[in-house]
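So the structure is just underneath, and the comments pick up after that.
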Amino acid sequence: MNCSISGEVPEEPVVSKKSGLLYEKRLIERHIVDYGKCPVTGEPLTMEDIVPVKTGKIVKPRSLTAASIPGMLGMFQNEWDALMLSNFALEQQLHTARQELSHALYQHDAACRVIARLKKERDEARSFLAQAERQAPLPASAVPAVSNGKRASEEEDMGTDAKRMRPGVSDSIIAELTECNAALSQQRKKRQIPPTLAPIDALERYTQLSSHPLHKTNRPGILSIDINLSKDIVATGGIDSNAVLFGRTSGEILSTLSGHSKKVTSVKFVAQNDVFLSGSADKTVRIWQGSEDGNYDCRHILKDHTAEVQAVTVHATNKYFVTASLDATWCFYDLASGLCLTQVEDPSNSAGYTSAAFHPDGLILGTGTAGATVRIWDVKSRGNVANFDGHTGAVTAISFSENGYFLATAAHDGVKLWDLRKLKNFRSFELYDQDTPTNSVDFDHSGSYLAIAGSDIRVFQVGSVKAEWNCIKTLPDLSGTGRATCVKFGPDARYLAVGSMDRNLRIFGLPDDDASTES
């Protein structure tokens, strides 16, 4: 009789009291422990239901395959094949394990190198910081106002009152600003339009010369542009939280400045000392110092604002600058030390500032608010001396003309031109539909042309209060987004740099053949 489970003659036969079936003892006991029932009938079964069967000694018959030499050879061959297959599987597993181990060791080695490099950079930064603090120690009066730069960690322990304590704008600084204003005003009276300025017929033939992908693909959008006129370097600030310096003549990225944690809303060159400023939605402003190798290092991180920084503008002395924020304050900084000399609050402005610009002479500051008002400030007294109303929506951009008389402001409803002598609006441009805001406005350095960016880019010839301002060129927004966010004239209006909501910087100007003929 055969076992009901294995089908072979059992060595220790047992029989079930309930079903009467025969089993091999070790097999049925294991099945009962695992399942507690009969493997054939499915009835509940326990050890007490199993009865041993006494039999004489059984000699197992030899299997058919082992009963002949050819059968035994076939059996050996099958066992050999199984052994080889098993050995091959083991070799494959060993190879995979070696590869995984090699990859893990490579990752560990790379991680060790990165950690070593970061430690080296940290030690170098600490050494540079200690050296800078030794060379330029802050005066005692400035100790409470350590809410920017390298002492940001101490700021958190000082409380809100300490953050708001500022040394103020001293009489010597006011005298310096006044002297600069007098010199620039005198020069303006003698200034003539440079002969190298691009003529009107040249601007009428402007077309796209190049397009450069400067920012990240996954976070496209350029929000701010500035140009170093002496070096012909274009700076862009992007939604990807980076500022990029681009050499227009070389067509290459010179430096990518990373450090901000949110979008970069404003970028500005300082004409002297190779210094660059960036403001961000992360509430900070960074001062970058250029080096001989072309790289820029972050010299100060300014943390005086409590909301997004929307604008950065540099004074004509190149020694001071102003930042404007959605926290409804603007700060006046000393560029060399990164110290906030004064922070001006505006109780009547609950919406905050969205744009700011210095007058070319430096004693007037213009700010645009999210509440559609343009405010004019006396820099010496920090007093609000005039307000311009009439816009709809946030004032997105402000630009003073080099003639010192005209101010252009952009908002959701278009562009308005203001006469600073009579403090009134003398012309308005409603260029786009009500769903398309005007994002940027810029006078060229000579004050002869005005560029406006919205769903396209338009260039106007500057007239006067009574004379017409004629549109001499309309350039399409080739980004496909329908939104040109910023525009800036190059040196002598020889080209236009345009940023849009894609990641490309676009340069508009005359093709090389036409430009050489024009010159």
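Labels for the structure tokens follow display order: chains A, B, ..., residues from 1 in each chain, ligands from 1.
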Show me, as a VMD selection string, the residues that have an atom within 6 Å of Ala307 (chain A) when counting only C-alpha atoms, minus same-chain residues fewer than 3 positions from it.
chain A and resid 283 326 to 327
I'd like the contact shell of Thr313 (chain A) - 9 Å cut-off, only C-alpha atoms, skipping same-chain residues fewer than 2 positions apart - returned as an mmCIF file with N, CA, C and O atoms, in the first residue's frame.
```cif
data_model
loop_
_atom_site.group_PDB
_atom_site.id
_atom_site.type_symbol
_atom_site.label_atom_id
_atom_site.label_comp_id
_atom_site.auth_asym_id
_atom_site.auth_seq_id
_atom_site.Cartn_x
_atom_site.Cartn_y
_atom_site.Cartn_z
ATOM 1 N N SER A 266 15.001 91.012 -8.534
ATOM 2 C CA SER A 266 15.683 92.223 -8.988
ATOM 3 C C SER A 266 17.188 91.998 -9.001
ATOM 4 O O SER A 266 17.743 91.387 -8.077
ATOM 5 N N VAL A 267 17.846 92.475 -10.071
ATOM 6 C CA VAL A 267 19.311 92.400 -10.173
ATOM 7 C C VAL A 267 19.842 93.767 -10.583
ATOM 8 O O VAL A 267 19.224 94.476 -11.377
ATOM 9 N N LYS A 268 21.001 94.151 -10.027
ATOM 10 C CA LYS A 268 21.597 95.448 -10.346
ATOM 11 C C LYS A 268 23.118 95.350 -10.311
ATOM 12 O O LYS A 268 23.691 94.760 -9.395
ATOM 13 N N LEU A 277 24.335 93.178 -7.172
ATOM 14 C CA LEU A 277 23.304 93.047 -6.148
ATOM 15 C C LEU A 277 22.146 92.209 -6.674
ATOM 16 O O LEU A 277 21.785 92.300 -7.855
ATOM 17 N N ALA A 311 12.524 95.154 -5.304
ATOM 18 C CA ALA A 311 13.343 96.048 -6.126
ATOM 19 C C ALA A 311 14.641 96.397 -5.418
ATOM 20 O O ALA A 311 14.689 96.513 -4.192
ATOM 21 N N HIS A 315 22.461 104.017 -6.003
ATOM 22 C CA HIS A 315 22.623 105.470 -6.047
ATOM 23 C C HIS A 315 23.748 105.843 -7.005
ATOM 24 O O HIS A 315 24.661 105.052 -7.271
ATOM 25 N N PHE A 321 22.786 102.026 -1.802
ATOM 26 C CA PHE A 321 21.689 101.478 -2.589
ATOM 27 C C PHE A 321 20.451 101.343 -1.712
ATOM 28 O O PHE A 321 20.520 101.392 -0.480
ATOM 29 N N VAL A 322 19.306 101.187 -2.382
ATOM 30 C CA VAL A 322 18.008 101.083 -1.696
ATOM 31 C C VAL A 322 17.322 99.800 -2.121
ATOM 32 O O VAL A 322 17.396 99.393 -3.291
ATOM 33 N N THR A 323 16.664 99.151 -1.167
ATOM 34 C CA THR A 323 15.826 97.986 -1.458
ATOM 35 C C THR A 323 14.388 98.292 -1.044
ATOM 36 O O THR A 323 14.161 98.998 -0.063
ATOM 37 N N ALA A 324 13.436 97.784 -1.802
ATOM 38 C CA ALA A 324 12.016 97.989 -1.509
ATOM 39 C C ALA A 324 11.336 96.633 -1.420
ATOM 40 O O ALA A 324 11.633 95.719 -2.204
ATOM 41 N N ALA A 356 11.081 100.249 -7.468
ATOM 42 C CA ALA A 356 11.798 101.410 -6.938
ATOM 43 C C ALA A 356 12.915 101.790 -7.894
ATOM 44 O O ALA A 356 13.468 100.932 -8.599
ATOM 45 N N ALA A 357 13.228 103.094 -7.920
ATOM 46 C CA ALA A 357 14.330 103.575 -8.755
ATOM 47 C C ALA A 357 14.791 104.929 -8.241
ATOM 48 O O ALA A 357 13.981 105.749 -7.794
ATOM 49 N N PHE A 358 16.102 105.160 -8.307
ATOM 50 C CA PHE A 358 16.678 106.461 -7.981
ATOM 51 C C PHE A 358 16.546 107.391 -9.177
ATOM 52 O O PHE A 358 16.678 106.972 -10.337
#
```
Considering only C-alpha atoms, state which residue in the set A:Lys473, A:Gly238, A:Gly447, A:Thr196 is at the smallest distance from Pro213 (chain A).
A:Gly238
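DSSP on the backbone gives strand (DSSP E) for these parts of region 405-438 of chain A: Phe406, Leu407, Ala408, Thr409, Ala410, Ala411, Gly414, Val415, Lys416, Leu417, Trp418, Asp419, Lys424, Asn425, Phe426, Arg427, Ser428 and Phe429 of chain A.
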Output all heavy atoms for every residue in the selection just made, as a short mmCIF file (atom, residue, chain, number, x, y, z; two decimals), in the first residue's frame.
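After the write, selection-v3.cif holds the following:
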```
data_model
loop_
_atom_site.label_atom_id
_atom_site.label_comp_id
_atom_site.auth_asym_id
_atom_site.auth_seq_id
_atom_site.Cartn_x
_atom_site.Cartn_y
_atom_site.Cartn_z
N PHE A 406 11.38 113.61 -16.72
CA PHE A 406 10.32 112.66 -17.01
C PHE A 406 10.47 111.40 -16.15
O PHE A 406 11.58 110.92 -15.88
CB PHE A 406 10.34 112.25 -18.49
CG PHE A 406 10.06 113.40 -19.42
CD1 PHE A 406 10.63 113.43 -20.69
CD2 PHE A 406 9.25 114.45 -19.04
CE1 PHE A 406 10.39 114.47 -21.55
CE2 PHE A 406 9.00 115.51 -19.90
CZ PHE A 406 9.58 115.52 -21.15
N LEU A 407 9.33 110.87 -15.77
CA LEU A 407 9.25 109.60 -15.05
C LEU A 407 8.23 108.72 -15.75
O LEU A 407 7.10 109.16 -16.03
CB LEU A 407 8.82 109.83 -13.59
CG LEU A 407 8.44 108.58 -12.79
CD1 LEU A 407 9.64 107.67 -12.60
CD2 LEU A 407 7.85 108.96 -11.43
N ALA A 408 8.62 107.49 -16.08
CA ALA A 408 7.71 106.52 -16.69
C ALA A 408 7.40 105.42 -15.68
O ALA A 408 8.30 104.90 -15.02
CB ALA A 408 8.33 105.91 -17.95
N THR A 409 6.12 105.11 -15.54
CA THR A 409 5.69 104.05 -14.62
C THR A 409 4.79 103.08 -15.36
O THR A 409 3.99 103.47 -16.20
CB THR A 409 4.94 104.64 -13.41
OG1 THR A 409 3.79 105.38 -13.87
CG2 THR A 409 5.84 105.56 -12.60
N ALA A 410 4.94 101.79 -15.03
CA ALA A 410 4.15 100.74 -15.68
C ALA A 410 3.30 100.04 -14.64
O ALA A 410 3.72 99.85 -13.49
CB ALA A 410 5.06 99.72 -16.36
N ALA A 411 2.09 99.67 -15.04
CA ALA A 411 1.16 98.95 -14.16
C ALA A 411 0.24 98.10 -15.02
O ALA A 411 0.45 97.98 -16.24
CB ALA A 411 0.38 99.91 -13.28
N GLY A 414 -1.25 99.89 -18.12
CA GLY A 414 -0.39 100.47 -19.14
C GLY A 414 0.72 101.30 -18.54
O GLY A 414 1.16 101.09 -17.40
N VAL A 415 1.16 102.31 -19.32
CA VAL A 415 2.28 103.16 -18.93
C VAL A 415 1.80 104.61 -18.82
O VAL A 415 1.03 105.09 -19.66
CB VAL A 415 3.43 103.07 -19.95
CG1 VAL A 415 4.53 104.07 -19.64
CG2 VAL A 415 4.00 101.65 -19.97
N LYS A 416 2.27 105.28 -17.76
CA LYS A 416 1.97 106.69 -17.59
C LYS A 416 3.28 107.46 -17.52
O LYS A 416 4.27 107.00 -16.93
CB LYS A 416 1.15 106.94 -16.31
CG LYS A 416 -0.27 106.38 -16.39
CD LYS A 416 -1.09 106.76 -15.18
CE LYS A 416 -2.51 106.19 -15.27
NZ LYS A 416 -3.28 106.78 -16.38
N LEU A 417 3.28 108.66 -18.12
CA LEU A 417 4.42 109.55 -18.11
C LEU A 417 4.11 110.74 -17.23
O LEU A 417 3.02 111.33 -17.32
CB LEU A 417 4.77 110.01 -19.53
CG LEU A 417 5.09 108.89 -20.53
CD1 LEU A 417 5.29 109.47 -21.92
CD2 LEU A 417 6.31 108.11 -20.10
N TRP A 418 5.07 111.09 -16.37
CA TRP A 418 4.86 112.15 -15.39
C TRP A 418 5.91 113.23 -15.58
O TRP A 418 7.08 112.96 -15.82
CB TRP A 418 4.95 111.59 -13.96
CG TRP A 418 4.11 110.37 -13.72
CD1 TRP A 418 4.46 109.08 -13.96
CD2 TRP A 418 2.79 110.33 -13.22
NE1 TRP A 418 3.44 108.23 -13.63
CE2 TRP A 418 2.38 108.97 -13.16
CE3 TRP A 418 1.88 111.30 -12.79
CZ2 TRP A 418 1.14 108.57 -12.71
CZ3 TRP A 418 0.63 110.90 -12.34
CH2 TRP A 418 0.27 109.55 -12.30
N ASP A 419 5.46 114.49 -15.44
CA ASP A 419 6.35 115.64 -15.48
C ASP A 419 6.73 115.98 -14.04
O ASP A 419 5.89 116.41 -13.25
CB ASP A 419 5.65 116.82 -16.15
CG ASP A 419 6.59 118.01 -16.35
OD1 ASP A 419 7.70 117.99 -15.78
OD2 ASP A 419 6.20 118.95 -17.06
N LYS A 424 2.64 116.16 -12.51
CA LYS A 424 1.37 115.73 -13.09
C LYS A 424 1.63 114.77 -14.25
O LYS A 424 2.71 114.75 -14.86
CB LYS A 424 0.55 116.92 -13.56
CG LYS A 424 1.12 117.65 -14.75
CD LYS A 424 0.16 118.75 -15.21
CE LYS A 424 0.67 119.43 -16.50
NZ LYS A 424 -0.27 120.47 -16.95
N ASN A 425 0.59 114.01 -14.56
CA ASN A 425 0.64 113.06 -15.66
C ASN A 425 0.31 113.79 -16.96
O ASN A 425 -0.71 114.46 -17.07
CB ASN A 425 -0.36 111.93 -15.40
CG ASN A 425 -0.58 111.03 -16.60
OD1 ASN A 425 -1.71 110.81 -17.00
ND2 ASN A 425 0.49 110.52 -17.19
N PHE A 426 1.20 113.64 -17.96
CA PHE A 426 0.95 114.35 -19.22
C PHE A 426 0.69 113.41 -20.39
O PHE A 426 0.32 113.85 -21.47
CB PHE A 426 2.11 115.29 -19.54
CG PHE A 426 3.42 114.62 -19.86
CD1 PHE A 426 3.74 114.25 -21.15
CD2 PHE A 426 4.34 114.36 -18.85
CE1 PHE A 426 4.94 113.64 -21.45
CE2 PHE A 426 5.55 113.74 -19.14
CZ PHE A 426 5.85 113.37 -20.44
N ARG A 427 0.87 112.11 -20.19
CA ARG A 427 0.58 111.18 -21.29
C ARG A 427 0.43 109.77 -20.73
O ARG A 427 1.10 109.40 -19.77
CB ARG A 427 1.69 111.23 -22.34
CG ARG A 427 1.37 110.38 -23.58
CD ARG A 427 2.31 110.72 -24.74
NE ARG A 427 1.82 111.86 -25.50
CZ ARG A 427 2.25 113.11 -25.39
NH1 ARG A 427 3.22 113.39 -24.54
NH2 ARG A 427 1.76 114.06 -26.13
N SER A 428 -0.47 108.99 -21.35
CA SER A 428 -0.69 107.59 -20.95
C SER A 428 -0.72 106.71 -22.18
O SER A 428 -1.24 107.10 -23.23
CB SER A 428 -2.00 107.45 -20.16
OG SER A 428 -1.97 108.21 -18.99
N PHE A 429 -0.15 105.52 -22.04
CA PHE A 429 -0.18 104.52 -23.11
C PHE A 429 -0.95 103.30 -22.61
O PHE A 429 -0.51 102.63 -21.67
CB PHE A 429 1.24 104.09 -23.50
CG PHE A 429 2.09 105.20 -24.03
CD1 PHE A 429 3.31 105.50 -23.44
CD2 PHE A 429 1.69 105.94 -25.13
CE1 PHE A 429 4.11 106.51 -23.92
CE2 PHE A 429 2.49 106.96 -25.63
CZ PHE A 429 3.69 107.26 -25.02
#
```
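Across the structure, CA of Arg494 (chain A) and CA of Gly279 (chain A) are spaced 27.6 Å apart.
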Using only C-alpha atoms, which protein or nucleic acid residues come within 7 Å of Ile193 (chain A)? Drop anything in the same chain fewer than 2 positions from it, and give the result as a list in words.
Arg191, Pro195 and Ser446 of chain A
Considering only C-alpha atoms, state which residue in the set A:His359, A:Cys340, A:Glu179, A:Ala97 is at the smallest distance from Leu420 (chain A).
A:His359
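Of the residues listed (A:Phe276, A:Ala67, A:Cys298, A:Gly42), A:Cys298 shows the shortest atom-to-atom separation from Ala125 (chain A); distances use only C-alpha atoms.
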Could you check the closest approach to Lys263 (chain A) for each of A:Ser399, A:Thr354, A:Asn242, A:Ser325 and tell me which residue wins, using only C-alpha atoms?
A:Asn242
Any idea what's packed within 10 Å of Cys38 (chain A), counting only C-alpha atoms, ignoring anything in its chain fewer than 3 positions away? Could you give it as a ChimeraX atom specification?
/A:16,18-19,21,28,31-32,35,41-46
Residue selection dump (N, CA, C and O atoms) as a tab-separated table (two decimals), in the first residue's frame:
```tsv
chain	number	residue	atom	x	y	z
A	16	SER	N	-5.48	6.85	9.38
A	16	SER	CA	-6.41	7.79	10.01
A	16	SER	C	-7.64	7.05	10.48
A	16	SER	O	-8.22	6.24	9.74
A	18	LYS	N	-10.46	8.43	11.06
A	18	LYS	CA	-11.66	9.02	10.47
A	18	LYS	C	-11.83	8.62	9.01
A	18	LYS	O	-12.92	8.26	8.58
A	19	SER	N	-10.74	8.69	8.24
A	19	SER	CA	-10.88	8.42	6.81
A	19	SER	C	-10.39	7.04	6.41
A	19	SER	O	-10.74	6.55	5.34
A	21	LEU	N	-7.39	6.32	5.62
A	21	LEU	CA	-6.34	6.44	4.62
A	21	LEU	C	-4.98	6.21	5.25
A	21	LEU	O	-4.77	6.48	6.43
A	28	ILE	N	2.33	13.11	7.50
A	28	ILE	CA	1.00	13.48	8.02
A	28	ILE	C	1.14	14.31	9.29
A	28	ILE	O	0.33	15.22	9.55
A	31	HIS	N	1.80	17.83	8.28
A	31	HIS	CA	0.61	18.43	7.70
A	31	HIS	C	-0.39	18.82	8.80
A	31	HIS	O	-1.02	19.88	8.72
A	32	ILE	N	-0.51	17.94	9.81
A	32	ILE	CA	-1.44	18.24	10.92
A	32	ILE	C	-0.97	19.47	11.69
A	32	ILE	O	-1.78	20.34	12.07
A	35	TYR	N	-1.72	22.49	9.21
A	35	TYR	CA	-3.08	22.78	8.78
A	35	TYR	C	-4.18	22.25	9.70
A	35	TYR	O	-5.29	22.74	9.68
A	41	THR	N	-9.42	14.47	2.57
A	41	THR	CA	-10.85	14.76	2.76
A	41	THR	C	-11.10	16.16	3.29
A	41	THR	O	-12.22	16.67	3.15
A	42	GLY	N	-10.08	16.81	3.91
A	42	GLY	CA	-10.26	18.15	4.47
A	42	GLY	C	-10.93	18.15	5.83
A	42	GLY	O	-11.24	19.22	6.36
A	43	GLU	N	-11.19	16.96	6.43
A	43	GLU	CA	-11.82	16.91	7.74
A	43	GLU	C	-10.80	17.29	8.82
A	43	GLU	O	-9.61	17.08	8.66
A	44	PRO	N	-11.24	17.85	9.94
A	44	PRO	CA	-10.31	18.15	11.06
A	44	PRO	C	-9.61	16.87	11.51
A	44	PRO	O	-10.22	15.81	11.62
A	45	LEU	N	-8.32	16.97	11.80
A	45	LEU	CA	-7.51	15.81	12.11
A	45	LEU	C	-6.49	16.20	13.16
A	45	LEU	O	-5.85	17.25	13.06
A	46	THR	N	-6.33	15.36	14.19
A	46	THR	CA	-5.36	15.60	15.25
A	46	THR	C	-4.42	14.41	15.34
A	46	THR	O	-4.63	13.37	14.70
```
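Distances to Leu450 (chain A) were evaluated for A:Gln208, A:Thr369, A:Thr474, A:Ser172 using only C-alpha atoms, and the minimum falls at A:Thr474.
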I'd like the neighbourhood of Ser224 (chain A) as a PyMOL selection string, where a residue qualifies if any of its atoms comes within 10 Å (using only C-alpha atoms), though same-chain residues fewer than 4 positions away should be ignored.
chain A and resi 235-239+243+264-268+278-279+311+440+485-488+498-500
Give me a file of those residues, with all heavy atoms, as a short mmCIF file (atom, residue, chain, number, x, y, z; two decimals), in the first residue's frame.
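File result-v9.cif, as written:
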```cif
data_model
loop_
_atom_site.label_atom_id
_atom_site.label_comp_id
_atom_site.auth_asym_id
_atom_site.auth_seq_id
_atom_site.Cartn_x
_atom_site.Cartn_y
_atom_site.Cartn_z
N ALA A 235 22.86 90.80 -16.99
CA ALA A 235 22.50 89.99 -15.81
C ALA A 235 21.01 89.72 -15.83
O ALA A 235 20.21 90.60 -16.16
CB ALA A 235 22.87 90.72 -14.52
N THR A 236 20.62 88.50 -15.49
CA THR A 236 19.21 88.13 -15.41
C THR A 236 18.93 87.47 -14.07
O THR A 236 19.76 86.76 -13.52
CB THR A 236 18.84 87.15 -16.54
OG1 THR A 236 19.61 85.95 -16.40
CG2 THR A 236 19.08 87.75 -17.91
N GLY A 237 17.73 87.73 -13.55
CA GLY A 237 17.26 87.07 -12.34
C GLY A 237 16.06 86.20 -12.67
O GLY A 237 15.13 86.66 -13.35
N GLY A 238 16.07 84.95 -12.23
CA GLY A 238 15.05 84.01 -12.68
C GLY A 238 14.21 83.42 -11.57
O GLY A 238 14.53 83.52 -10.38
N ILE A 239 13.12 82.79 -11.99
CA ILE A 239 12.24 82.08 -11.06
C ILE A 239 12.97 80.88 -10.45
O ILE A 239 12.62 80.41 -9.37
CB ILE A 239 10.95 81.64 -11.80
CG1 ILE A 239 10.13 82.89 -12.17
CG2 ILE A 239 10.11 80.69 -10.97
CD1 ILE A 239 8.85 82.59 -12.92
N ALA A 243 20.77 83.96 -10.32
CA ALA A 243 21.12 85.13 -11.13
C ALA A 243 22.25 84.70 -12.06
O ALA A 243 23.18 84.03 -11.65
CB ALA A 243 21.56 86.29 -10.25
N VAL A 264 14.47 85.19 -7.94
CA VAL A 264 15.24 86.43 -7.89
C VAL A 264 14.41 87.51 -8.60
O VAL A 264 14.16 87.42 -9.81
CB VAL A 264 16.61 86.26 -8.57
CG1 VAL A 264 17.38 87.59 -8.57
CG2 VAL A 264 17.42 85.20 -7.84
N THR A 265 13.99 88.52 -7.86
CA THR A 265 13.06 89.52 -8.38
C THR A 265 13.75 90.76 -8.93
O THR A 265 13.16 91.50 -9.71
CB THR A 265 12.09 89.96 -7.27
OG1 THR A 265 12.86 90.39 -6.13
CG2 THR A 265 11.21 88.78 -6.84
N SER A 266 15.00 91.01 -8.53
CA SER A 266 15.68 92.22 -8.99
C SER A 266 17.19 92.00 -9.00
O SER A 266 17.74 91.39 -8.08
CB SER A 266 15.34 93.41 -8.06
OG SER A 266 15.93 94.60 -8.54
N VAL A 267 17.85 92.48 -10.07
CA VAL A 267 19.31 92.40 -10.17
C VAL A 267 19.84 93.77 -10.58
O VAL A 267 19.22 94.48 -11.38
CB VAL A 267 19.76 91.33 -11.20
CG1 VAL A 267 19.43 89.94 -10.70
CG2 VAL A 267 19.11 91.56 -12.56
N LYS A 268 21.00 94.15 -10.03
CA LYS A 268 21.60 95.45 -10.35
C LYS A 268 23.12 95.35 -10.31
O LYS A 268 23.69 94.76 -9.39
CB LYS A 268 21.16 96.51 -9.34
CG LYS A 268 19.74 97.04 -9.54
CD LYS A 268 19.62 97.83 -10.83
CE LYS A 268 18.17 98.27 -11.05
NZ LYS A 268 18.02 98.94 -12.36
N SER A 278 21.56 91.40 -5.79
CA SER A 278 20.39 90.61 -6.17
C SER A 278 19.38 90.61 -5.01
O SER A 278 19.76 90.45 -3.85
CB SER A 278 20.78 89.17 -6.52
OG SER A 278 21.38 88.52 -5.41
N GLY A 279 18.12 90.82 -5.35
CA GLY A 279 17.03 90.77 -4.37
C GLY A 279 16.10 89.62 -4.70
O GLY A 279 15.93 89.26 -5.87
N ALA A 311 12.52 95.15 -5.30
CA ALA A 311 13.34 96.05 -6.13
C ALA A 311 14.64 96.40 -5.42
O ALA A 311 14.69 96.51 -4.19
CB ALA A 311 12.57 97.32 -6.45
N SER A 440 7.25 96.03 -17.76
CA SER A 440 8.55 96.69 -17.64
C SER A 440 8.57 97.95 -18.50
O SER A 440 7.90 98.03 -19.54
CB SER A 440 9.68 95.74 -18.06
OG SER A 440 10.94 96.36 -17.93
N THR A 485 8.63 90.03 -19.63
CA THR A 485 8.64 90.48 -18.24
C THR A 485 9.59 91.63 -17.98
O THR A 485 9.39 92.39 -17.03
CB THR A 485 9.02 89.32 -17.32
OG1 THR A 485 10.26 88.76 -17.78
CG2 THR A 485 7.95 88.24 -17.35
N CYS A 486 10.65 91.79 -18.78
CA CYS A 486 11.63 92.84 -18.51
C CYS A 486 12.36 93.19 -19.80
O CYS A 486 12.54 92.36 -20.69
CB CYS A 486 12.63 92.40 -17.43
SG CYS A 486 13.23 90.70 -17.60
N VAL A 487 12.77 94.46 -19.88
CA VAL A 487 13.47 94.95 -21.07
C VAL A 487 14.50 95.97 -20.64
O VAL A 487 14.30 96.72 -19.68
CB VAL A 487 12.46 95.55 -22.08
CG1 VAL A 487 11.73 96.74 -21.49
CG2 VAL A 487 13.16 95.95 -23.38
N LYS A 488 15.64 96.00 -21.36
CA LYS A 488 16.72 96.92 -21.01
C LYS A 488 17.49 97.29 -22.28
O LYS A 488 17.80 96.42 -23.10
CB LYS A 488 17.67 96.26 -20.00
CG LYS A 488 18.63 97.21 -19.32
CD LYS A 488 17.94 98.02 -18.25
CE LYS A 488 18.91 98.92 -17.49
NZ LYS A 488 18.21 99.76 -16.50
N VAL A 498 15.85 91.33 -23.63
CA VAL A 498 14.46 91.07 -23.25
C VAL A 498 14.38 89.73 -22.51
O VAL A 498 14.96 88.73 -22.95
CB VAL A 498 13.54 91.04 -24.48
CG1 VAL A 498 12.11 90.70 -24.07
CG2 VAL A 498 13.57 92.39 -25.20
N GLY A 499 13.68 89.74 -21.40
CA GLY A 499 13.39 88.51 -20.67
C GLY A 499 11.91 88.20 -20.71
O GLY A 499 11.08 89.11 -20.69
N SER A 500 11.58 86.92 -20.77
CA SER A 500 10.18 86.49 -20.84
C SER A 500 9.95 85.37 -19.84
O SER A 500 10.83 85.01 -19.06
CB SER A 500 9.82 86.04 -22.26
OG SER A 500 10.07 87.07 -23.20
#
```
Have a look at CA of Lys37 (chain A) and CA of Pro13 (chain A) and let me know their distance in Å, one decimal.
17.9 Å
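Here the question is which of A:Tyr405, A:Ala281, A:Ile398, A:Val275 gets nearest to Asn295 (chain A) using only C-alpha atoms, and that residue is A:Val275.
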